Structure formats: structure tokens, C-alpha cells
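What follows is run_20.cif (mmCIF, C-alpha atoms and all ligand atoms).
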```cif
data_model
#
loop_
_atom_site.label_atom_id
_atom_site.label_comp_id
_atom_site.auth_asym_id
_atom_site.auth_seq_id
_atom_site.Cartn_x
_atom_site.Cartn_y
_atom_site.Cartn_z
CA MET A 1 -61.03 268.88 95.63
CA ARG A 2 -59.27 266.99 98.44
CA TRP A 3 -55.78 267.88 99.72
CA GLY A 4 -54.30 264.58 98.55
CA ASP A 5 -55.68 265.13 95.00
CA LEU A 6 -53.66 268.36 94.48
CA PRO A 7 -50.66 268.01 92.12
CA ALA A 8 -47.26 268.10 93.90
CA ARG A 9 -46.12 271.57 92.78
CA PRO A 10 -49.21 273.62 93.72
CA ARG A 11 -49.33 271.67 96.97
CA ARG A 12 -45.73 272.65 97.82
CA VAL A 13 -46.43 276.31 96.98
CA LEU A 14 -49.54 276.25 99.15
CA ILE A 15 -47.68 274.66 102.06
CA VAL A 16 -44.90 277.29 101.88
CA ALA A 17 -47.41 280.16 101.61
CA LEU A 18 -49.51 278.88 104.52
CA HIS A 19 -46.48 278.58 106.79
CA LEU A 20 -45.18 282.03 105.88
CA VAL A 21 -48.60 283.42 106.75
CA ALA A 22 -48.71 281.39 109.99
CA VAL A 23 -45.29 282.68 111.11
CA ALA A 24 -46.34 286.24 110.20
CA VAL A 25 -49.60 285.90 112.19
CA VAL A 26 -47.76 284.62 115.29
CA GLY A 27 -45.14 287.37 114.80
CA VAL A 28 -47.78 290.13 114.70
CA ALA A 29 -49.57 288.67 117.73
CA ASP A 30 -46.22 288.39 119.55
CA TYR A 31 -45.35 292.00 118.69
CA VAL A 32 -48.77 293.39 119.64
CA SER A 33 -49.12 291.46 122.90
CA GLY A 34 -45.66 292.33 124.22
CA PRO A 35 -43.07 289.99 125.85
CA GLN A 36 -45.03 289.33 129.07
CA TYR A 37 -47.65 287.16 127.22
CA GLU A 38 -45.13 284.62 125.91
CA LEU A 39 -46.90 284.19 122.53
CA ARG A 40 -43.52 283.04 121.19
CA THR A 41 -44.53 279.50 122.13
CA PHE A 42 -47.03 279.51 119.26
CA TYR A 43 -44.17 279.54 116.71
CA LEU A 44 -43.95 275.85 117.54
CA ILE A 45 -47.19 275.24 115.61
CA PRO A 46 -45.90 276.32 112.16
CA VAL A 47 -42.49 274.79 112.96
CA MET A 48 -43.99 271.37 113.71
CA SER A 49 -46.54 271.40 110.92
CA ALA A 50 -43.89 272.54 108.39
CA THR A 51 -41.69 269.59 109.38
CA TRP A 52 -44.60 267.15 109.22
CA LEU A 53 -45.84 268.34 105.84
CA GLY A 54 -42.60 269.43 104.14
CA GLY A 55 -39.78 267.53 105.83
CA ARG A 56 -36.76 268.39 107.98
CA ALA A 57 -35.13 271.01 105.72
CA PHE A 58 -38.35 272.95 105.33
CA GLY A 59 -38.98 272.66 109.08
CA LEU A 60 -35.53 274.12 109.85
CA GLY A 61 -36.22 276.93 107.37
CA VAL A 62 -39.47 277.80 109.15
CA ALA A 63 -37.67 277.51 112.53
CA ALA A 64 -35.07 280.05 111.31
CA LEU A 65 -37.82 282.34 110.05
CA ALA A 66 -39.67 282.03 113.37
CA THR A 67 -36.47 282.97 115.20
CA VAL A 68 -36.00 286.07 113.03
CA SER A 69 -39.63 287.03 113.55
CA LEU A 70 -39.23 286.54 117.31
CA PHE A 71 -36.06 288.66 117.28
CA PHE A 72 -37.85 291.64 115.78
CA ALA A 73 -41.27 291.16 117.42
CA ASN A 74 -39.68 291.29 120.87
CA ASP A 75 -37.43 294.20 119.95
CA TYR A 76 -34.23 292.27 120.67
CA LEU A 77 -32.42 294.61 118.29
CA GLY A 78 -33.44 297.69 120.26
CA ARG A 79 -32.51 295.98 123.54
CA ALA A 80 -29.15 294.88 122.13
CA LEU A 81 -28.38 298.42 121.09
CA ALA A 82 -29.48 299.81 124.46
CA TYR A 83 -28.11 297.17 126.91
CA GLY A 84 -25.58 295.08 124.99
CA ILE A 85 -25.81 292.08 122.67
CA ASP A 86 -25.40 289.21 125.25
CA VAL A 87 -28.94 288.57 126.53
CA PRO A 88 -30.86 289.08 123.21
CA LEU A 89 -28.32 286.93 121.38
CA TRP A 90 -28.53 284.21 124.02
CA ASN A 91 -32.36 284.27 123.92
CA THR A 92 -32.36 284.06 120.13
CA ILE A 93 -29.90 281.18 120.05
CA THR A 94 -31.75 279.17 122.74
CA ARG A 95 -35.05 279.66 120.86
CA PHE A 96 -33.52 278.50 117.60
CA VAL A 97 -31.98 275.45 119.30
CA LEU A 98 -35.34 274.64 120.88
CA TYR A 99 -37.16 274.91 117.54
CA SER A 100 -34.47 272.83 115.85
CA VAL A 101 -34.84 270.04 118.44
CA VAL A 102 -38.60 270.09 117.86
CA VAL A 103 -37.94 269.88 114.12
CA LEU A 104 -35.65 266.86 114.56
CA LEU A 105 -38.12 265.06 116.83
CA THR A 106 -41.06 265.79 114.51
CA ALA A 107 -39.03 264.62 111.51
CA GLN A 108 -38.21 261.40 113.37
CA LEU A 109 -41.91 260.87 114.14
CA ARG A 110 -42.80 261.59 110.53
CA ARG A 111 -40.29 259.03 109.28
CA GLN A 112 -41.60 256.38 111.65
CA ASP A 113 -45.18 257.21 110.67
CA ARG A 114 -44.33 256.77 106.98
CA GLU A 115 -42.50 253.51 107.63
CA LEU A 116 -45.47 252.17 109.61
CA ARG A 117 -47.92 253.23 106.90
CA SER A 118 -45.93 251.60 104.13
CA ARG A 119 -45.51 248.43 106.24
CA ARG A 120 -49.26 248.42 106.88
CA ASP A 121 -49.99 248.79 103.15
CA GLU A 122 -47.56 245.99 102.39
CA LEU A 123 -49.21 243.73 104.99
CA LEU A 124 -52.67 244.58 103.65
CA ARG A 125 -51.54 243.72 100.13
CA GLU A 126 -50.02 240.45 101.34
CA ALA A 127 -53.18 239.61 103.32
CA GLU A 128 -55.32 240.33 100.28
CA LEU A 129 -53.22 238.03 98.11
CA ARG A 130 -53.24 235.32 100.79
CA GLU A 131 -57.00 235.61 101.26
CA GLY A 132 -57.52 235.41 97.52
CA SER A 133 -55.53 232.20 97.20
CA ILE A 134 -57.13 230.69 100.31
CA ALA A 135 -60.59 231.51 98.95
CA LEU A 136 -59.67 229.84 95.66
CA PHE A 137 -58.35 226.80 97.48
CA VAL A 138 -61.45 226.55 99.71
CA HIS A 139 -63.64 226.90 96.66
CA GLU A 140 -61.88 223.99 94.93
CA LEU A 141 -61.99 221.99 98.15
CA ARG A 142 -65.73 222.44 98.48
CA HIS A 143 -66.24 221.38 94.89
CA SER A 144 -64.13 218.22 95.30
CA ALA A 145 -65.74 217.37 98.66
CA ALA A 146 -69.22 217.73 97.13
CA SER A 147 -68.26 215.41 94.25
CA MET A 148 -66.77 212.90 96.70
CA ALA A 149 -69.92 212.97 98.84
CA LEU A 150 -72.11 212.46 95.78
CA ALA A 151 -69.97 209.60 94.40
CA SER A 152 -69.85 207.85 97.80
CA ALA A 153 -73.61 208.23 98.20
CA SER A 154 -74.28 206.48 94.89
CA LEU A 155 -71.66 203.81 95.63
CA GLU A 156 -73.19 203.24 99.08
CA SER A 157 -76.51 202.28 97.51
CA SER A 158 -74.90 199.68 95.22
CA PRO A 159 -76.22 196.14 95.96
CA ARG A 160 -72.81 194.67 95.10
CA LEU A 161 -71.18 196.04 98.29
CA ALA A 162 -70.54 193.85 101.32
CA ASP A 163 -71.77 195.22 104.69
CA ASP A 164 -68.34 196.31 105.94
CA GLU A 165 -67.60 197.99 102.56
CA ARG A 166 -70.95 199.82 102.75
CA SER A 167 -70.20 201.11 106.24
CA PHE A 168 -66.75 202.22 105.08
CA VAL A 169 -68.23 204.08 102.10
CA GLY A 170 -70.88 205.57 104.44
CA ARG A 171 -68.13 206.99 106.64
CA LEU A 172 -66.42 208.38 103.55
CA ARG A 173 -69.67 210.07 102.47
CA GLN A 174 -70.14 211.58 105.91
CA GLN A 175 -66.60 212.94 106.07
CA ALA A 176 -66.81 214.35 102.55
CA GLY A 177 -70.09 216.01 103.61
CA ASP A 178 -68.40 217.50 106.71
CA LEU A 179 -65.55 218.82 104.56
CA GLU A 180 -67.99 220.40 102.15
CA ARG A 181 -69.87 222.00 105.04
CA VAL A 182 -66.69 223.48 106.57
CA ALA A 183 -65.47 224.77 103.17
CA SER A 184 -68.79 226.38 102.33
CA GLY A 185 -68.97 227.84 105.88
CA LEU A 186 -65.55 229.45 105.34
CA LEU A 187 -66.66 230.90 102.01
CA THR A 188 -69.84 232.29 103.58
CA ILE A 189 -67.85 233.83 106.45
CA GLY A 190 -65.58 235.55 103.89
CA ARG A 191 -68.60 236.96 102.03
CA LEU A 192 -70.36 238.08 105.20
CA GLU A 193 -67.22 239.77 106.51
CA SER A 194 -66.70 241.65 103.27
CA GLY A 195 -70.42 242.49 103.02
CA SER A 196 -70.68 240.84 99.60
CA LEU A 197 -73.25 238.17 100.50
CA ALA A 198 -76.63 238.82 98.91
CA LEU A 199 -79.44 237.36 101.02
CA ASP A 200 -82.40 235.93 99.21
CA LEU A 201 -85.18 236.97 101.60
CA VAL A 202 -88.46 235.07 101.49
CA PRO A 203 -91.07 234.23 104.13
CA VAL A 204 -89.80 231.30 106.19
CA ASP A 205 -91.93 229.16 108.49
CA LEU A 206 -89.77 228.51 111.56
CA ASP A 207 -91.71 225.38 112.59
CA ARG A 208 -90.95 223.77 109.25
CA LEU A 209 -87.32 224.92 109.36
CA ALA A 210 -86.81 223.48 112.86
CA CYS A 211 -88.39 220.12 111.91
CA ASP A 212 -86.28 219.86 108.72
CA ALA A 213 -83.09 220.71 110.61
CA ALA A 214 -83.85 218.14 113.33
CA ALA A 215 -84.66 215.44 110.78
CA ALA A 216 -81.46 216.07 108.80
CA SER A 217 -79.21 216.09 111.89
CA ASN A 218 -76.85 213.28 112.95
CA ALA A 219 -79.23 212.13 115.69
CA PRO A 220 -82.88 212.97 114.87
CA ASP A 221 -84.14 210.64 117.61
CA ARG A 222 -82.40 212.76 120.30
CA ILE A 223 -84.09 215.98 119.17
CA GLU A 224 -87.51 217.25 120.17
CA VAL A 225 -89.04 220.25 118.37
CA ARG A 226 -91.57 222.24 120.38
CA HIS A 227 -93.80 224.63 118.48
CA ALA A 228 -95.21 227.99 119.55
CA ALA A 229 -98.95 228.42 120.15
CA ARG A 230 -99.37 229.75 116.58
CA PRO A 231 -97.30 229.56 113.39
CA VAL A 232 -94.19 231.76 113.51
CA ALA A 233 -92.69 233.23 110.35
CA VAL A 234 -89.78 235.50 109.51
CA ARG A 235 -88.39 237.01 106.32
CA ALA A 236 -85.07 235.29 105.81
CA ASP A 237 -82.77 233.48 103.45
CA PRO A 238 -83.83 229.91 104.22
CA ASP A 239 -80.49 228.26 103.33
CA HIS A 240 -78.46 230.58 105.51
CA LEU A 241 -80.91 230.59 108.38
CA ARG A 242 -80.92 226.80 108.27
CA ARG A 243 -77.13 226.81 108.44
CA ALA A 244 -77.27 229.08 111.50
CA LEU A 245 -79.69 226.70 113.24
CA ASP A 246 -77.70 223.62 112.14
CA ASN A 247 -74.64 225.01 113.94
CA TYR A 248 -76.61 225.28 117.20
CA ILE A 249 -78.05 221.78 116.81
CA ARG A 250 -74.70 220.24 115.87
CA ASN A 251 -73.08 221.82 118.95
CA ALA A 252 -75.91 220.73 121.25
CA LEU A 253 -75.51 217.13 120.04
CA ALA A 254 -71.69 217.26 120.17
CA TYR A 255 -71.38 218.89 123.60
CA SER A 256 -73.88 216.58 125.33
CA ALA A 257 -73.57 212.80 125.56
CA PRO A 258 -76.24 210.43 124.19
CA PRO A 259 -78.93 209.66 125.16
CA ALA A 260 -79.37 213.19 126.60
CA ARG A 261 -82.05 215.01 124.65
CA VAL A 262 -81.84 218.28 122.76
CA THR A 263 -84.86 220.52 122.36
CA VAL A 264 -85.53 223.11 119.68
CA ASP A 265 -88.18 225.62 120.75
CA VAL A 266 -89.86 227.86 118.22
CA VAL A 267 -90.84 230.99 120.15
CA GLU A 268 -92.48 234.33 119.60
CA ARG A 269 -91.97 237.26 121.94
CA GLU A 270 -92.27 241.05 121.70
CA GLY A 271 -92.31 241.27 117.90
CA ALA A 272 -89.45 238.81 117.52
CA ALA A 273 -89.44 235.22 116.39
CA GLY A 274 -86.86 232.90 117.87
CA LEU A 275 -85.30 229.47 117.75
CA VAL A 276 -83.91 228.24 121.05
CA VAL A 277 -81.76 225.11 121.20
CA SER A 278 -81.28 223.63 124.68
CA ASP A 279 -79.15 220.71 125.78
CA ALA A 280 -78.20 218.99 129.03
CA GLY A 281 -74.52 218.75 128.19
CA ILE A 282 -71.20 220.16 129.39
CA GLY A 283 -72.44 223.78 129.60
CA PHE A 284 -69.98 226.62 130.07
CA ASP A 285 -68.85 229.17 132.62
CA PRO A 286 -71.17 232.22 132.19
CA ARG A 287 -68.11 234.50 132.49
CA GLU A 288 -66.94 233.07 129.16
CA THR A 289 -70.18 233.89 127.31
CA SER A 290 -68.64 236.82 125.43
CA LYS A 291 -66.00 234.51 123.85
CA LEU A 292 -68.54 232.11 122.32
CA PHE A 293 -69.59 234.03 119.23
CA ARG A 294 -66.11 235.35 118.39
CA LYS A 295 -64.07 234.03 115.49
CA TYR A 296 -62.13 230.94 116.67
CA GLY A 297 -63.88 231.36 120.03
CA ARG A 298 -63.33 227.90 121.49
CA LEU A 299 -63.64 227.63 125.27
CA SER A 300 -61.14 225.98 127.57
CA GLY A 301 -62.27 222.87 129.44
CA PRO A 302 -64.11 219.74 128.32
CA SER A 303 -65.05 221.05 124.84
CA GLU A 304 -61.33 221.28 123.97
CA ARG A 305 -61.25 217.50 123.67
CA ARG A 306 -63.52 217.64 120.59
CA ASP A 307 -62.35 218.63 117.15
CA GLY A 308 -63.63 222.01 116.09
CA ALA A 309 -62.49 225.18 114.41
CA GLY A 310 -64.41 227.61 116.62
CA LEU A 311 -66.21 229.03 113.59
CA GLY A 312 -69.73 227.59 113.88
CA LEU A 313 -71.14 230.11 116.37
CA TYR A 314 -69.29 232.97 114.69
CA LEU A 315 -70.94 232.08 111.39
CA THR A 316 -74.33 231.81 113.11
CA ARG A 317 -73.90 235.28 114.59
CA LEU A 318 -72.85 236.81 111.24
CA ILE A 319 -75.85 235.23 109.48
CA VAL A 320 -78.34 236.28 112.16
CA GLU A 321 -76.97 239.83 112.31
CA ALA A 322 -77.10 240.10 108.51
CA HIS A 323 -80.84 239.43 108.92
CA GLY A 324 -81.15 242.20 111.54
CA GLY A 325 -81.45 239.69 114.37
CA THR A 326 -79.59 238.84 117.58
CA VAL A 327 -78.03 235.78 119.17
CA ASP A 328 -77.87 234.76 122.80
CA ALA A 329 -76.23 232.00 124.86
CA ARG A 330 -76.88 230.97 128.46
CA SER A 331 -75.62 228.37 130.87
CA GLU A 332 -75.71 228.11 134.67
CA GLY A 333 -72.13 226.81 134.62
CA ARG A 334 -70.07 223.81 133.59
CA GLY A 335 -72.00 220.52 133.55
CA THR A 336 -75.41 222.19 133.69
CA GLY A 337 -76.31 222.25 129.98
CA ALA A 338 -76.64 225.23 127.64
CA ARG A 339 -79.25 227.18 125.78
CA PHE A 340 -78.48 228.97 122.51
CA ALA A 341 -81.04 231.28 120.91
CA LEU A 342 -81.41 233.36 117.78
CA TYR A 343 -84.07 236.02 117.32
CA LEU A 344 -85.25 237.66 114.10
CA PRO A 345 -87.89 240.31 113.46
CA LEU A 346 -91.29 238.65 113.14
CA ALA A 347 -92.84 238.66 109.63
CA ARG A 348 -96.40 239.97 109.47
CA GLU A 349 -97.66 237.13 107.28
CA VAL A 350 -96.33 233.86 105.91
N1 LIG B 1 -74.00 223.53 123.37
C1 LIG B 1 -72.80 223.88 123.88
N2 LIG B 1 -72.48 223.55 125.16
C2 LIG B 1 -71.30 223.90 125.68
N3 LIG B 1 -70.34 224.61 125.02
C3 LIG B 1 -70.62 224.97 123.76
C4 LIG B 1 -71.85 224.62 123.12
N4 LIG B 1 -71.84 225.13 121.88
C5 LIG B 1 -70.64 225.74 121.74
N5 LIG B 1 -69.91 225.63 122.86
C6 LIG B 1 -68.56 226.19 123.09
O1 LIG B 1 -68.39 227.25 122.16
C7 LIG B 1 -67.21 227.01 121.37
C8 LIG B 1 -67.43 227.60 120.00
O2 LIG B 1 -68.44 226.83 119.29
P1 LIG B 1 -68.36 226.77 117.72
O3 LIG B 1 -69.51 226.01 117.23
O4 LIG B 1 -68.18 228.17 117.24
O5 LIG B 1 -66.99 226.03 117.43
P2 LIG B 1 -66.63 224.51 117.52
O6 LIG B 1 -67.86 223.70 117.81
O7 LIG B 1 -65.51 224.38 118.51
O8 LIG B 1 -66.06 224.19 116.07
P3 LIG B 1 -66.84 224.25 114.66
O9 LIG B 1 -66.33 225.48 113.98
O10 LIG B 1 -66.43 223.00 113.97
O11 LIG B 1 -68.30 224.32 114.95
C9 LIG B 1 -67.02 225.51 121.40
O12 LIG B 1 -65.67 225.17 121.17
C10 LIG B 1 -67.44 225.17 122.82
O13 LIG B 1 -66.38 225.45 123.71
MG MG B 2 -69.55 223.93 116.53
#
```
Would you put the structure from the file into C-alpha cells?
Amino acid sequence: MRWGDLPARPRRVLIVALHLVAVAVVGVADYVSGPQYELRTFYLIPVMSATWLGGRAFGLGVAALATVSLFFANDYLGRALAYGIDVPLWNTITRFVLYSVVVLLTAQLRRQDRELRSRRDELLREAELREGSIALFVHELRHSAASMALASASLESSPRLADDERSFVGRLRQQAGDLERVASGLLTIGRLESGSLALDLVPVDLDRLACDAAAASNAPDRIEVRHAARPVAVRADPDHLRRALDNYIRNALAYSAPPARVTVDVVEREGAAGLVVSDAGIGFDPRETSKLFRKYGRLSGPSERRDGAGLGLYLTRLIVEAHGGTVDARSEGRGTGARFALYLPLAREV
């Protein structure tokens, strides 16, 4: 049984008994060792712990008991009878004052500790409520965005639309798609952070995944996929792994200007399979590498001019780590392009 599970009454009795024993133990040690060893200082331990566990009044009670114990253990009574009351009385009073000050300070600390704990619990409760309503909102948002994207896609193919109307509806479809992607990214981040995302692991051919991701991107003609010498496979959840790669590709296209090319290399090295996305774009200062994969980790400089939440790379890292893999980012500096990689354990067979 844990301490916190004990009912209040037995717990109080136990606390009182333990402190009486503690004062008695220090008293005996103080008596046996004699005044030159200064074991009196150890009365502070039961005094402080009594205040912390039982409150100020109980602390003062133990302080008074410690003072009485000290009085007899150091034979103040005998000395008072032999040499006069002044010095023993003075010593006793100063000790009691000292213990009382310690009690007051400990009680103050205890009160602040309790206030902080209850504030923390309150904040946690509020955060939980807020997160719950945000998750509900994002869920609804994703649903509506998906319906909007679907409706605009079917409208876009209608022969009755004029060219400018079709391009308008196309933009609408794209933006609804972006909204759906952001909303579902946020939901996935929430699940990965709370550890509630169940991965559906199957053998995944990285060559196929890279080609599909390139073909479905905003600018397939700017992307070149380079395959390894032999087929490379991993055990992964294909939808989530694809999302991780999409984030790299989307960044590479966004942070480099057309017609600069982006390459996706499928690699195999030392028992790991990797996807490496390289671009010739704005790059970044290598000293800022550690910021990249953090939540909301947007860098200062040219990339600030683009819209972005700073969640794409964070999501990629969470997904890759949930698969037991690692991520990596390199750049020689601003304006020199960048190279983002993800590595997963190699599967034995596809
Ligand atoms: N290929 C790249 N070249 C240079 N900087 C990059 C590249 N990819 C990412 N970055 C930097 O890393 C930051 C974080 O990228 P991340 O994808 O997480 O967020 P984002 O692109 O700003 O927004 P979003 O959440 O919409 O993807 C970017 O803001 C940018 O500063
Ligand atoms: Mg991004």
C-alpha cells in the first residue's frame, strides 16, 4: 500500500508516532555522545519533516518536544542547579526560537508548494479541456475541408464551366485540400504526442513510395527520383511514411525557386533504408539545425516570408521516430540548398 492511499486518521497517527520516535532517537544520540558532538542539530530533521507533513502547529509541537529533549539530554537541569539558571535557560530559549523560525519557514514553503501544485492541476485541467475542444474543432474542420475539396473536384470537371470559373474552382479545391492536410496533420501530431496512434505496419517499397510522392506533388516536373542499386524496403505505415516524405518534398519545392530541381534519393546504408530530399534553395545556417524539427520551429530569414505553421518537420520527426527511425538535416549555409533525410530500419524482404 502506498503512503497516499492510507486513510487520513491512521496516517496522522503514524506521522505523530514516527516523529516522537525520531525526536527520541536524536535525544538518545545527543545524550550518549555528549555536548561536544553537537548532535542537537539533528533535531532539525524531525522539526522540518513534522511541519512539512503535519503543518505549522504540529511542527511547533515537535520543536517544543525537541527543546525539552535537548534540555535533558545535555543535562541543562543539572548545570542550572550547579551553576545557576542563566546559561541553560538562554541556550534552551535560543534553540526553541531557532526551531520555531525553521518551522515558520518550512510552513511557508509548504504553503507555496501546495499553491503551486493546485495551480498546476488547474492549468492541466484547463489545458485538457482546451485540447479536447480544439481536437473536436480540428476534426470538424478536416471533415468540412474534405467535403469542400471533393465537391470542388467534381464541379471542376463539369463541362458547363467557363475557363476562368474552372481555374477559380481549381484554386478552391487546392485550398480545401491544403486545409484538410493541415487539420489531419494536427490530429496526427496530437495522437503521436499522446502515444495513441496505432501504426499499421506493412512492407513498403521505398522506390514506389518516392515515385508516388513525386507524382502527387505540386510540381512533379521539378522532381527527380533516384533509385538505389537494388530495391529498398522497410516495415512501415505507408500513409504516415508518405506524409513524412511529403513534408520534405513540399518544403524543398517551397524553399527553392522554380525551375531549380529537387531530388529524392532512395538509399540503403548500414542496415538502414533512407529517403533523402535535396534542393538548391535558400538553405539554412547550420547553427540553426537543432531548431528545425522542433514544434513551431520556423527559422528566421528568407523562409519567414512564406506562410507556414512550423509543424511539417516536427510531424515528420514524430512519424519517423514512431517507426524507430531517425531524421537528419544538412545545409552548408544560407543560399546553398538543403538536404533532408529520414532513415528507417531496413526490412529483410518485401
Ligand atoms: N528545404 C528547406 N530549405 C530551407 N529551410 C527549410 C527547408 N525546409 C524547412 N526549412 C526551414 O524549417 C522551418 C520548419 O519547416 P516546417 O516544414 O516544419 O514548417 P513550415 O514549412 O514553416 O510550415 P508548415 O507547418 O506549413 O510545413 C521552415 O520554416 C524553414 O525555415
Ligand atoms: Mg513545411
Report task. Within 7 Å of (-90.5, 239.6, 110.7) (coordinates as in the file), grab all the protein and nucleic acid residues, counting only C-alpha atoms, and write them out as number ranges by chain. Result -> A: 233-235, 272, 344-348
Write out the residues from the selection above, keeping C-alpha atoms, as a tab-separated table (two decimals), keeping the file's coordinate frame.
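Listed below is the output, result04.tsv:
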```tsv
chain	number	residue	atom	x	y	z
A	233	ALA	CA	-92.69	233.23	110.35
A	234	VAL	CA	-89.78	235.50	109.51
A	235	ARG	CA	-88.39	237.01	106.32
A	272	ALA	CA	-89.45	238.81	117.52
A	344	LEU	CA	-85.25	237.66	114.10
A	345	PRO	CA	-87.89	240.31	113.46
A	346	LEU	CA	-91.29	238.65	113.14
A	347	ALA	CA	-92.84	238.66	109.63
A	348	ARG	CA	-96.40	239.97	109.47
```
Query raised in the report: Leaving out Leu313 in chain A and any residue of its chain fewer than 2 positions from it, which residues lie within 12 Å of it when counting all atoms listed in the file, given as a PyMOL selection string?
Result: chain A and resi 185+189+243-252+289-299+308-311+315-320+327-329+340-342
Query raised in the report: Which one is closest to Pro238 in chain A: A:Asp200, A:Glu38, A:Asp113, A:Glu126? Count only C-alpha atoms.
Result: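 That would be A:Asp200, the residue with the smallest distance to Pro238 in chain A.
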Query - Surrounding residues of Phe137 in chain A excluding itself and chain neighbours under 6 positions, 10 Å, only C-alpha atoms, as a ChimeraX atom specification - result: /A:131,143,183
Query raised in the report: Do you know which residues are at most 10 Å from Leu39 in chain A counting only C-alpha atoms, after dropping those on the same chain fewer than 6 positions away, and could you put them as a PyMOL selection string?
Result: chain A and resi 26-33+70
Query raised in the report: What is the distance between CA of Val182 in chain A and atom C5 of ligand LIG 1 (chain B), in Å to one decimal?
Result: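 Pair CA of Val182 in chain A / atom C5 of ligand LIG 1 (chain B) returns 15.8 Å.
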Query - Between CA of Arg269 in chain A and CA of Ile223 in chain A, distance in Å (one decimal) - result: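 Separation between CA of Arg269 in chain A and CA of Ile223 in chain A: 22.9 Å.
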Query raised in the report: CA of Gly333 in chain A and atom N4 of ligand LIG 1 (chain B), how far apart in Å?
Result: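 Atom-to-atom, atom N4 of ligand LIG 1 (chain B) and CA of Gly333 in chain A are spaced 12.9 Å apart.
If all atoms listed in the file are the atoms counted, then among A:Arg208, A:Arg181, A:His139, A:Arg242 the closest residue to ligand LIG 1 (chain B) is A:Arg181.
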Requested in this report: Using all atoms listed in the file, find the one residue out of A:Leu209, A:Leu161, A:Leu241, A:Ala176 that sits nearest to Val264 in chain A.
Outcome: A:Leu209
Report task. Name all residues at most 12 Å from Thr51 in chain A (count only C-alpha atoms; drop same-chain ones fewer than 2 positions away) and give them as number ranges by chain. Result -> A: 15-16, 19, 44-49, 53-63, 99-111
Would you compute an axis-aligned box for range 129-141 of chain A, covering every atom listed for it in the file with 6 Å of margin on each side, and report centre and edge lengths in Å to one decimal as lines of an AutoDock Vina configuration file?
```
center_x = -58.4
center_y = 230.0
center_z = 98.1
size_x = 22.4
size_y = 28.0
size_z = 18.3
```
Query - Pick from A:Ala145, A:Leu179, A:Ile93, A:Ala216, whichever lies nearest to Val68 in chain A using only C-alpha atoms - result: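 Closest to Val68 in chain A of all the choices is A:Ile93.
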Is there a way to complete range 247-265 of chain A with N, CA and C atoms and then write that out as a short mmCIF file (atom, residue, chain, number, x, y, z; two decimals), keeping the file's coordinate frame?
```cif
data_model
loop_
_atom_site.label_atom_id
_atom_site.label_comp_id
_atom_site.auth_asym_id
_atom_site.auth_seq_id
_atom_site.Cartn_x
_atom_site.Cartn_y
_atom_site.Cartn_z
N ASN A 247 -75.83 224.86 113.08
CA ASN A 247 -74.64 225.01 113.94
C ASN A 247 -75.02 224.85 115.41
N TYR A 248 -76.15 225.44 115.81
CA TYR A 248 -76.61 225.28 117.20
C TYR A 248 -76.90 223.80 117.51
N ILE A 249 -77.63 223.17 116.56
CA ILE A 249 -78.05 221.78 116.81
C ILE A 249 -76.82 220.85 116.85
N ARG A 250 -75.90 221.09 115.91
CA ARG A 250 -74.70 220.24 115.87
C ARG A 250 -73.91 220.39 117.17
N ASN A 251 -73.78 221.61 117.68
CA ASN A 251 -73.08 221.82 118.95
C ASN A 251 -73.81 221.13 120.09
N ALA A 252 -75.14 221.31 120.13
CA ALA A 252 -75.91 220.73 121.25
C ALA A 252 -75.73 219.21 121.28
N LEU A 253 -75.69 218.58 120.10
CA LEU A 253 -75.51 217.13 120.04
C LEU A 253 -74.06 216.76 120.41
N ALA A 254 -73.10 217.59 119.96
CA ALA A 254 -71.69 217.26 120.17
C ALA A 254 -71.27 217.50 121.62
N TYR A 255 -71.83 218.55 122.24
CA TYR A 255 -71.38 218.89 123.60
C TYR A 255 -72.30 218.33 124.68
N SER A 256 -73.12 217.32 124.32
CA SER A 256 -73.88 216.58 125.33
C SER A 256 -73.80 215.11 124.91
N ALA A 257 -73.78 214.22 125.90
CA ALA A 257 -73.57 212.80 125.56
C ALA A 257 -74.90 212.10 125.35
N PRO A 258 -75.01 211.19 124.36
CA PRO A 258 -76.24 210.43 124.19
C PRO A 258 -76.49 209.64 125.48
N PRO A 259 -77.69 209.38 125.89
CA PRO A 259 -78.93 209.66 125.16
C PRO A 259 -79.55 211.01 125.55
N ALA A 260 -78.78 211.91 126.16
CA ALA A 260 -79.37 213.19 126.60
C ALA A 260 -80.08 213.86 125.44
N ARG A 261 -81.23 214.45 125.73
CA ARG A 261 -82.05 215.01 124.65
C ARG A 261 -81.71 216.47 124.39
N VAL A 262 -82.03 216.88 123.16
CA VAL A 262 -81.84 218.28 122.76
C VAL A 262 -83.22 218.79 122.35
N THR A 263 -83.56 219.99 122.80
CA THR A 263 -84.86 220.52 122.36
C THR A 263 -84.66 221.78 121.52
N VAL A 264 -85.52 221.89 120.51
CA VAL A 264 -85.53 223.11 119.68
C VAL A 264 -86.89 223.75 119.89
N ASP A 265 -86.91 224.92 120.52
CA ASP A 265 -88.18 225.62 120.75
C ASP A 265 -88.35 226.71 119.72
#
```
